[in-house]
Each structure stands twice: as structure tokens, then as C-alpha cells.
Amino acid sequence: ENNQTPLSEAVFFILLSLAPRPKHGYAIMKDVENLSQQRVVLSTGTLYGAIKRLLVQGWIEPAVEAEWAADDAGEPPRGRKAYALTELGRSILQAEISRLQSLVDVAQLRLA
């Protein structure tokens, strides 16, 4: 039993946003809005508070510029910090997805 879950929706979507590749804060914010279909809209304060905690927990880490995608203009934004999902963060995300899936499975059986 993983005592790190359940994750808040905000944290779930932040980790999910970073799963394909590292991103900077603003890109995470926009991606979370899209992924959650506008249900989770992060204020800057909430986002950076979460990022700070996730860094301390070792679920994300600062990304080396070489390993994260340039923004739409084709240039890495100057002075923007990017963040990457760690192996630990990825396993926490997977555990949460499994937990949610088992809830859905049980509910569907009961409602069938």
C-alpha cells in the first residue's frame, strides 16, 4: 500500500504533464488546464508551491536544458526553469493511476 496516494488532482495533473518530457512552469500550467479540460486551473502560487514540495519529495527535479523541448518559437525560453519527472515521480504517478483504475473497476462491477 503506497502511503503517498491519493494525490491531489493538482499534483496528479502536474506529474502527468511532465510524463512525456520536461516543461517550464507556464507550460505545465497550460497543459494541466488542457489535460483536466479546464477543471484544474492552477494559480501561479499553487503551481510553484506544488513544484517546491515535489522537488523536496524528489518526485520532480530541475531539468537540464538539453533534455527539455524548446518552446513553440523553437528557442528554450531564457531564464525559465524547467522541471522533469524523476523515476520516483513516475512510479508514484503509475501507482495513483492503478489506484484510480481499481476504483473505477469496482464501481463499474457494482453498477453493471
# chains A, B, ... in the order shown; residues from 1 in each chain; ligands from 1
$ residues_around --residues "Gln4 (chain A)" --least-positions-apart "5" --cutoff "10 Å" --atoms "only C-alpha atoms" --output "number ranges by chain"
A: 92-93, 95-96
$ write_last_selection --atoms "C-alpha atoms" --output "PDB file, in the first residue's frame"
ATOM      1  CA  ILE A  92       4.130   7.463  -7.802  1.00  0.00           C
ATOM      2  CA  LEU A  93       2.073   8.532 -10.833  1.00  0.00           C
ATOM      3  CA  ALA A  95       0.659   3.825  -8.503  1.00  0.00           C
ATOM      4  CA  GLU A  96      -2.013   6.525  -8.458  1.00  0.00           C
TER       5      GLU A  96
END
$ residues_around --residues "Pro62 (chain A)" --least-positions-apart "4" --cutoff "12 Å" --atoms "only C-alpha atoms" --output "list in words"
Leu18, Pro22, Lys23, His24, Gly25, Ile51, Lys52, Leu54, Leu55, Val56, Gly58, Ala66, Glu67, Trp68, Arg80, Lys81, Ala82, Tyr83, Ala84, Leu85 and Thr86 of chain A
$ residues_around --residues "Glu9 (chain A)" --least-positions-apart "3" --cutoff "10 Å" --atoms "only C-alpha atoms" --output "PyMOL selection string"
chain A and resi 6+12-15+32+36+39-40
$ write_last_selection --atoms "N, CA and C atoms" --output "PDB file, in the first residue's frame"
ATOM      1  N   PRO A   6      -3.845   8.880  -1.844  1.00  0.00           N
ATOM      2  CA  PRO A   6      -4.183   9.545  -3.095  1.00  0.00           C
ATOM      3  C   PRO A   6      -3.491  10.900  -3.268  1.00  0.00           C
ATOM      4  N   PHE A  12      -1.579  15.318  -9.318  1.00  0.00           N
ATOM      5  CA  PHE A  12      -1.763  14.278 -10.331  1.00  0.00           C
ATOM      6  C   PHE A  12      -1.517  14.852 -11.729  1.00  0.00           C
ATOM      7  N   PHE A  13      -2.157  15.986 -12.027  1.00  0.00           N
ATOM      8  CA  PHE A  13      -2.029  16.569 -13.361  1.00  0.00           C
ATOM      9  C   PHE A  13      -0.654  17.188 -13.611  1.00  0.00           C
ATOM     10  N   ILE A  14      -0.007  17.714 -12.576  1.00  0.00           N
ATOM     11  CA  ILE A  14       1.361  18.234 -12.747  1.00  0.00           C
ATOM     12  C   ILE A  14       2.302  17.090 -13.121  1.00  0.00           C
ATOM     13  N   LEU A  15       2.217  15.981 -12.396  1.00  0.00           N
ATOM     14  CA  LEU A  15       3.073  14.825 -12.703  1.00  0.00           C
ATOM     15  C   LEU A  15       2.765  14.294 -14.101  1.00  0.00           C
ATOM     16  N   VAL A  32      -1.882  21.481 -17.776  1.00  0.00           N
ATOM     17  CA  VAL A  32      -2.798  20.985 -16.740  1.00  0.00           C
ATOM     18  C   VAL A  32      -4.232  21.436 -17.047  1.00  0.00           C
ATOM     19  N   SER A  36      -7.016  18.556 -17.859  1.00  0.00           N
ATOM     20  CA  SER A  36      -8.156  18.447 -16.939  1.00  0.00           C
ATOM     21  C   SER A  36      -9.431  19.026 -17.556  1.00  0.00           C
ATOM     22  N   ARG A  39     -10.886  21.860 -15.647  1.00  0.00           N
ATOM     23  CA  ARG A  39     -11.371  21.632 -14.284  1.00  0.00           C
ATOM     24  C   ARG A  39     -10.327  22.059 -13.257  1.00  0.00           C
ATOM     25  N   VAL A  40      -9.058  21.848 -13.581  1.00  0.00           N
ATOM     26  CA  VAL A  40      -7.979  22.272 -12.685  1.00  0.00           C
ATOM     27  C   VAL A  40      -7.264  23.460 -13.314  1.00  0.00           C
TER      28      VAL A  40
END
$ closest_residue --among "A:Val64, A:Gln108, A:Thr5, A:Arg90" --to "Ser17 (chain A)" --atoms "only C-alpha atoms"
A:Arg90
$ atom_distance --atom1 "CA of Met29 (chain A)" --atom2 "CA of Leu42 (chain A)"
6.2 Å
$ select_by_dssp --residues "chain A" --states "strand (DSSP E)" --output "MDAnalysis selection string"
chainID A and resid 23:24 60:62 82:85
